[in-house]
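Remarks on the structure that follows.
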Amino acid sequence: MSLKASEPVSETSLGIYIHIPFCLKKCNYCDFLSFLLPCRDRVADYILGLKKELELAAPQLKGAKVISVYIGGGTPSLLAAQSLKDILTAVQQHFSLWEKTEVTVEANPGTIFGEKLAEMAAMGVNRLSIGVQSFDNRLLAAMGRVHTAEEAVEAFCMARREGFSNINIDLIYGLPGQTLENWRKTLYEVVELGPEHVSAYGLTLEKGTPWGNLYSQGELQLVDEDTWVRMHDLTMQVLPQAGLMQYELSNYAKPGFESLHNLGYWYRRPYIGVGLGASSFLNETRSKNHTRYEEYFKSLKMNKLPVAEEERITREEAMSETMFLGLRTVKGVNCLEFKRRFGVSIEEAFPVVNRLAKKGVLERNPPWLRLNPGYYGVSNEVFLEFV
Ligand code: SF4
């Protein structure tokens with residue numbers, strides 16, 4: 001984080017992201033910062049590091065109210081319940097939470113069991129995000145996931161039994177070899193389970209991952225563009241029929257269960273990221289932590305926040321971000337808020353808006369300006385107009 005002591009955070013609501021970079025096995029498509037689960041001592045040192053970082057970050061964030069805490073990874077559910085509790089206790093010690101603070105932990109099937117779930121609920125975790133990805137065992141194996149579809153169902157049912165009433169299921173579509181019918185089946189399985197929230201992202205291939213490498217060697221075939229768009233459209237049809245309303249391009253929730261943490265990213269609310277490689281956004285500055293243990297711990301030992309890089313966002317960049325992040329949400333961008341914040345109207349800042357609105361790509365519903373849902377499948381092309 002880049003704040004100076006003289007520069008307190010002006011905004012009152014804050015998100016906290018805590019990164020746990022450990023996994024049982026690396027999935028074939030994954031380029032998140034994660035490593036194989038190290039020995040116990042190493043994990044214990046890492047938790048101590050997180051606690052120290054939270055302590056160092058807190059003085060500059062005194063006035064802020066934490067509206068969401070998100071423990072992600074990696075596979076946070078690999079941690080012992082006591083470790084998760086230590087992290088949350090440190091958050092509560094140093095920051096001011098409110099009674100409705102959303103506290104999410106990411107969990108992978110096969111790594112959560114009844115007792116751990118019960119302890120998580122008791123320590124204040126009120127939202128579970130389960131990385132299911134697909135209900136097809138053949139695809140799960142190809143992705144390199146460590147669990148089966150049956151284990152995913154079991155994880156969900158256990159979480160319900162232990163009292164979790166706010167569960168997200170993560171899905172990925174557009175997997176190599178996946179058909180539209182296969183995706184439909186996965187969607188129906190999700191509907192059957194009845195989670196409060198679903199995140200359904202199209203596969204993106206990243207360089208340096210096993211799948212990225214196979215693709216660049218011409219040895220991995222992706223679904224064609226038409227099928228990809230049809231999978232996206234099918235998601236938009238099936239989930240809302242089950243009461244999971246779309247509120248962002250890739251996110252669906254039962255009313256009242258939209259993720260506060262994720263909304264914070266799209267509406268550019270301030271957040272801190274704690275842990276290896278975590279990102280923060282405070283006072284129009286984006287920063288990123290060290291990604292190597294040695295540098296991360298060296299900073300902490302010197303009582304310094306482990307920031308590796310930071311970038312002050314210019315006014316023009318802030319306007320662009322407001323557009324391409326806000327247009328991801330179904331509500332869109334609040335035009336009045338934009339004018340209040342930047343002193344110019346959206347049309348003055350981005351004359352292209354008039355043309356896009358005339359073509360029906362953007363829709364005006366004062367004070368909101370939103371992306372026409374018919375263009376969600378090609379949203380990236382529209383967002384390029386604002387970069
Ligand atoms: S479990 Fe998640 S973070 Fe870990 S390797 Fe797989 S996709 Fe990456």
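Scheme for the structure tokens: letters A, B, ... for chains in order shown; per-chain residue numbers from 1; ligand numbers from 1 in order shown.
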Shell of 8 Å around ligand 1 (only C-alpha atoms and all ligand atoms), written as a list in words: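 So, counting only C-alpha atoms and all ligand atoms, the residues near ligand 1 are Pro21, Phe22, Cys23, Leu24, Lys25, Lys26, Cys27, Asn28, Tyr29, Cys30, Asp31, Phe32, Leu33, Ser34, Phe35, Gly73, Gly74, Thr75, Asn108, Gly131, Gly144, Arg145 and Val146 of chain A.
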Which of stretch 60-201 of chain A DSSP labels alpha helix (DSSP H), written as JSON, numbers by chain: {"A": [81, 82, 83, 84, 85, 86, 87, 88, 89, 90, 91, 92, 93, 94, 114, 115, 116, 117, 118, 119, 120, 121, 122, 137, 138, 139, 140, 141, 142, 143, 149, 150, 151, 152, 153, 154, 155, 156, 157, 158, 159, 160, 161, 180, 181, 182, 183, 184, 185, 186, 187, 188, 189, 190, 191, 192, 193]}
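One distance worth recording is that between atom CA of A:Phe257 and atom CA of A:Asn166, which is 7.2 Å.
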Please provide the set of residues having any atom within 6 Å of stretch 270-287 of chain A, restricted to only C-alpha atoms, with same-chain residues fewer than 3 positions apart removed, written as a list of chain:residue names.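 Non-adjacent residues within range: A:Met1, A:Leu14, A:Gly15, A:Ile16, A:Tyr17, A:Ile18, A:His19, A:Leu50, A:His290, A:Thr291, A:Glu309, A:Glu310, A:Glu311, A:Arg312, A:Ile313.
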What lies within 8 Å of A:Val66 using only C-alpha atoms, ignoring chain neighbours under 3 positions off, as a CSV table (one decimal) with N, CA and C atoms, in the first residue's frame?
```csv
chain,number,residue,atom,x,y,z
A,13,SER,N,-15.8,3.2,3.3
A,13,SER,CA,-16.0,1.8,3.2
A,13,SER,C,-14.8,1.1,2.5
A,14,LEU,N,-14.3,0.0,3.1
A,14,LEU,CA,-13.1,-0.6,2.6
A,14,LEU,C,-13.3,-2.1,2.5
A,15,GLY,N,-12.7,-2.7,1.4
A,15,GLY,CA,-12.6,-4.1,1.3
A,15,GLY,C,-11.2,-4.6,1.7
A,16,ILE,N,-11.2,-5.8,2.2
A,16,ILE,CA,-9.9,-6.4,2.5
A,16,ILE,C,-9.8,-7.7,1.8
A,69,VAL,N,-14.5,-8.8,3.8
A,69,VAL,CA,-13.2,-9.4,3.9
A,69,VAL,C,-13.3,-10.7,3.0
A,95,PHE,N,-9.0,-3.5,12.6
A,95,PHE,CA,-9.9,-2.7,11.7
A,95,PHE,C,-11.3,-2.7,12.3
A,96,SER,N,-12.0,-1.7,11.8
A,96,SER,CA,-13.4,-1.6,12.3
A,96,SER,C,-14.4,-2.3,11.4
A,97,LEU,N,-15.0,-3.3,11.8
A,97,LEU,CA,-16.0,-4.1,11.0
A,97,LEU,C,-17.4,-3.7,11.5
A,98,TRP,N,-18.4,-4.0,10.7
A,98,TRP,CA,-19.8,-3.7,11.2
A,98,TRP,C,-20.5,-5.1,11.2
A,101,THR,N,-20.6,-7.0,7.9
A,101,THR,CA,-19.4,-7.2,7.0
A,101,THR,C,-19.5,-8.6,6.4
```
Residues at most 10 Å from A:Trp183, counting only C-alpha atoms, excluding those fewer than 5 positions away in the same chain, as a ChimeraX atom specification? /A:134-136,171-175,178,188-189,231-232,234-235
Fewer than 4 positions away in the same chain doesn't count, so skip those; otherwise give me all residues within 10 Å of stretch 318-320 of chain A, counting only C-alpha atoms, as a PDB file with N, CA and C atoms, in the first residue's frame.
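The file below, out_24.pdb, is the result:
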```
ATOM      1  N   ARG A 268     -15.085   0.686  -7.987  1.00  0.00           N
ATOM      2  CA  ARG A 268     -13.841   1.371  -7.619  1.00  0.00           C
ATOM      3  C   ARG A 268     -13.842   1.853  -6.177  1.00  0.00           C
ATOM      4  N   GLU A 284      -6.793   6.607  -5.150  1.00  0.00           N
ATOM      5  CA  GLU A 284      -6.455   6.647  -6.583  1.00  0.00           C
ATOM      6  C   GLU A 284      -5.025   6.154  -6.868  1.00  0.00           C
ATOM      7  N   ARG A 312       0.111   5.764  -9.551  1.00  0.00           N
ATOM      8  CA  ARG A 312      -0.927   6.770  -9.304  1.00  0.00           C
ATOM      9  C   ARG A 312      -1.830   6.816 -10.542  1.00  0.00           C
ATOM     10  N   ILE A 313      -3.120   6.737 -10.331  1.00  0.00           N
ATOM     11  CA  ILE A 313      -4.060   6.731 -11.466  1.00  0.00           C
ATOM     12  C   ILE A 313      -4.364   8.183 -11.848  1.00  0.00           C
ATOM     13  N   THR A 314      -4.169   8.517 -13.121  1.00  0.00           N
ATOM     14  CA  THR A 314      -4.468   9.890 -13.560  1.00  0.00           C
ATOM     15  C   THR A 314      -5.977  10.064 -13.642  1.00  0.00           C
ATOM     16  N   PHE A 324     -15.245   1.258 -17.919  1.00  0.00           N
ATOM     17  CA  PHE A 324     -15.206  -0.165 -18.298  1.00  0.00           C
ATOM     18  C   PHE A 324     -15.424  -1.113 -17.129  1.00  0.00           C
ATOM     19  N   LEU A 325     -15.248  -0.612 -15.904  1.00  0.00           N
ATOM     20  CA  LEU A 325     -15.601  -1.461 -14.764  1.00  0.00           C
ATOM     21  C   LEU A 325     -17.099  -1.346 -14.480  1.00  0.00           C
ATOM     22  N   GLY A 326     -17.595  -0.113 -14.477  1.00  0.00           N
ATOM     23  CA  GLY A 326     -19.023   0.114 -14.173  1.00  0.00           C
ATOM     24  C   GLY A 326     -19.939  -0.533 -15.200  1.00  0.00           C
ATOM     25  N   PHE A 338     -20.749  10.328 -11.923  1.00  0.00           N
ATOM     26  CA  PHE A 338     -19.597  10.568 -12.788  1.00  0.00           C
ATOM     27  C   PHE A 338     -19.322  12.073 -12.871  1.00  0.00           C
ATOM     28  N   ARG A 341     -18.037  13.495  -9.652  1.00  0.00           N
ATOM     29  CA  ARG A 341     -16.678  13.048  -9.362  1.00  0.00           C
ATOM     30  C   ARG A 341     -15.631  13.719 -10.261  1.00  0.00           C
ATOM     31  N   PHE A 342     -15.985  13.874 -11.573  1.00  0.00           N
ATOM     32  CA  PHE A 342     -14.960  14.353 -12.515  1.00  0.00           C
ATOM     33  C   PHE A 342     -15.218  15.766 -13.058  1.00  0.00           C
ATOM     34  N   ILE A 346     -20.434  12.326 -18.817  1.00  0.00           N
ATOM     35  CA  ILE A 346     -19.842  11.156 -19.504  1.00  0.00           C
ATOM     36  C   ILE A 346     -19.695  11.454 -20.997  1.00  0.00           C
ATOM     37  N   ALA A 349     -16.710  13.597 -21.655  1.00  0.00           N
ATOM     38  CA  ALA A 349     -15.451  12.852 -21.497  1.00  0.00           C
ATOM     39  C   ALA A 349     -15.282  11.816 -22.608  1.00  0.00           C
ATOM     40  N   PHE A 350     -16.396  11.210 -23.015  1.00  0.00           N
ATOM     41  CA  PHE A 350     -16.341  10.123 -24.011  1.00  0.00           C
ATOM     42  C   PHE A 350     -17.428  10.358 -25.076  1.00  0.00           C
ATOM     43  N   PHE A 383     -15.688  -2.229 -24.424  1.00  0.00           N
ATOM     44  CA  PHE A 383     -14.860  -1.585 -23.398  1.00  0.00           C
ATOM     45  C   PHE A 383     -13.621  -0.921 -24.010  1.00  0.00           C
ATOM     46  N   LEU A 384     -13.153  -1.497 -25.131  1.00  0.00           N
ATOM     47  CA  LEU A 384     -11.970  -0.922 -25.776  1.00  0.00           C
ATOM     48  C   LEU A 384     -12.201   0.542 -26.164  1.00  0.00           C
ATOM     49  N   GLU A 385     -13.475   0.904 -26.403  1.00  0.00           N
ATOM     50  CA  GLU A 385     -13.814   2.283 -26.774  1.00  0.00           C
ATOM     51  C   GLU A 385     -13.489   3.262 -25.642  1.00  0.00           C
ATOM     52  N   PHE A 386     -13.326   2.740 -24.429  1.00  0.00           N
ATOM     53  CA  PHE A 386     -13.116   3.630 -23.279  1.00  0.00           C
ATOM     54  C   PHE A 386     -11.688   3.576 -22.750  1.00  0.00           C
ATOM     55  N   VAL A 387     -10.844   2.836 -23.427  1.00  0.00           N
ATOM     56  CA  VAL A 387      -9.475   2.698 -22.910  1.00  0.00           C
ATOM     57  C   VAL A 387      -8.574   3.751 -23.563  1.00  0.00           C
TER      58      VAL A 387
END
```
Filtered DSSP result for stretch 127-242 of chain A, state strand (DSSP E or B), as a VMD selection string: chain A and resid 127 to 133 167 to 173 197 to 202
Using the selection just defined, write its residues with N, CA and C atoms as a CSV table (one decimal), in the first residue's frame.
```csv
chain,number,residue,atom,x,y,z
A,127,ARG,N,-19.8,-16.3,4.3
A,127,ARG,CA,-20.0,-16.6,2.9
A,127,ARG,C,-18.9,-17.6,2.4
A,128,LEU,N,-19.3,-18.6,1.7
A,128,LEU,CA,-18.4,-19.6,1.2
A,128,LEU,C,-18.4,-19.6,-0.3
A,129,SER,N,-17.2,-19.6,-0.9
A,129,SER,CA,-17.1,-19.6,-2.3
A,129,SER,C,-16.5,-20.9,-2.8
A,130,ILE,N,-17.3,-21.8,-3.4
A,130,ILE,CA,-16.7,-23.1,-3.7
A,130,ILE,C,-16.3,-23.2,-5.2
A,131,GLY,N,-15.1,-23.6,-5.4
A,131,GLY,CA,-14.5,-23.7,-6.7
A,131,GLY,C,-15.0,-25.0,-7.4
A,132,VAL,N,-16.1,-25.0,-8.0
A,132,VAL,CA,-16.6,-26.3,-8.6
A,132,VAL,C,-16.2,-26.4,-10.0
A,133,GLN,N,-16.3,-25.3,-10.8
A,133,GLN,CA,-15.8,-25.2,-12.2
A,133,GLN,C,-16.6,-26.0,-13.2
A,167,ILE,N,-23.8,-19.1,-0.2
A,167,ILE,CA,-22.8,-19.9,-0.9
A,167,ILE,C,-22.7,-19.5,-2.3
A,168,ASN,N,-21.4,-19.3,-2.8
A,168,ASN,CA,-21.2,-19.0,-4.2
A,168,ASN,C,-20.6,-20.3,-4.8
A,169,ILE,N,-21.0,-20.5,-6.1
A,169,ILE,CA,-20.3,-21.6,-6.8
A,169,ILE,C,-19.6,-21.0,-8.0
A,170,ASP,N,-18.3,-21.3,-8.2
A,170,ASP,CA,-17.5,-20.8,-9.3
A,170,ASP,C,-17.6,-21.8,-10.4
A,171,LEU,N,-17.8,-21.3,-11.6
A,171,LEU,CA,-17.9,-22.2,-12.8
A,171,LEU,C,-17.0,-21.6,-13.9
A,172,ILE,N,-16.6,-22.5,-14.8
A,172,ILE,CA,-15.9,-22.0,-16.0
A,172,ILE,C,-16.5,-22.7,-17.2
A,173,TYR,N,-16.8,-21.8,-18.3
A,173,TYR,CA,-17.3,-22.4,-19.5
A,173,TYR,C,-16.3,-22.2,-20.6
A,197,HIS,N,-25.4,-17.6,-5.0
A,197,HIS,CA,-24.6,-16.8,-5.9
A,197,HIS,C,-23.8,-17.8,-6.9
A,198,VAL,N,-23.7,-17.3,-8.1
A,198,VAL,CA,-22.9,-18.1,-9.1
A,198,VAL,C,-22.0,-17.2,-9.9
A,199,SER,N,-20.7,-17.5,-10.0
A,199,SER,CA,-19.8,-16.8,-10.8
A,199,SER,C,-19.5,-17.7,-12.0
A,200,ALA,N,-19.8,-17.3,-13.2
A,200,ALA,CA,-19.5,-18.1,-14.4
A,200,ALA,C,-18.7,-17.4,-15.4
A,201,TYR,N,-17.4,-17.7,-15.4
A,201,TYR,CA,-16.4,-17.1,-16.3
A,201,TYR,C,-16.1,-17.9,-17.5
A,202,GLY,N,-15.9,-17.3,-18.6
A,202,GLY,CA,-15.4,-18.0,-19.8
A,202,GLY,C,-13.9,-18.2,-19.6
```
At a cut-off of 12 Å, using only C-alpha atoms, what residues contact A:Glu337? Leave out same-chain residues fewer than 3 positions from it and give the result as JSON, numbers by chain. {"A": [267, 319, 322, 323, 326, 332, 333, 334, 340, 341, 342, 343, 344, 345, 346, 366, 367, 368, 369]}
Can you spit out the residues from that selection as a short mmCIF file (atom, residue, chain, number, x, y, z; two decimals), in the first residue's frame, using C-alpha atoms?
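Just written: result.cif:
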```
data_model
loop_
_atom_site.label_atom_id
_atom_site.label_comp_id
_atom_site.auth_asym_id
_atom_site.auth_seq_id
_atom_site.Cartn_x
_atom_site.Cartn_y
_atom_site.Cartn_z
CA TYR A 267 -17.45 0.49 -8.44
CA MET A 319 -12.57 8.07 -15.95
CA THR A 322 -15.11 4.06 -14.10
CA MET A 323 -16.57 3.28 -17.52
CA GLY A 326 -19.02 0.11 -14.17
CA GLY A 332 -24.13 0.38 -15.28
CA VAL A 333 -22.47 3.72 -14.57
CA ASN A 334 -24.23 6.44 -12.60
CA ARG A 340 -19.92 14.97 -9.51
CA ARG A 341 -16.68 13.05 -9.36
CA PHE A 342 -14.96 14.35 -12.52
CA GLY A 343 -16.67 17.69 -13.20
CA VAL A 344 -17.66 16.72 -16.77
CA SER A 345 -20.49 14.63 -18.15
CA ILE A 346 -19.84 11.16 -19.50
CA PRO A 366 -31.27 8.07 -16.04
CA PRO A 367 -29.19 8.44 -14.02
CA TRP A 368 -27.72 5.15 -15.25
CA LEU A 369 -25.93 4.34 -18.49
#
```
Rounded to one decimal, what separation in Å do you get between atom CA of A:Thr111 and atom CA of A:Arg160?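 Distance between the two atoms: 15.6 Å.
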Which residue of A:Lys254, A:Ser259, A:Glu321, A:Pro176 approaches A:Gln221 most closely, using only C-alpha atoms: A:Pro176
For A:Gly377, the nearest of the candidates A:Lys298, A:Arg269, A:Arg230, A:Lys331, counting only C-alpha atoms: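 Smallest distance to A:Gly377 is found for A:Arg230.
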Atom CA of A:Arg138 and atom CA of A:Val153 are how many Å apart? 16.0 Å
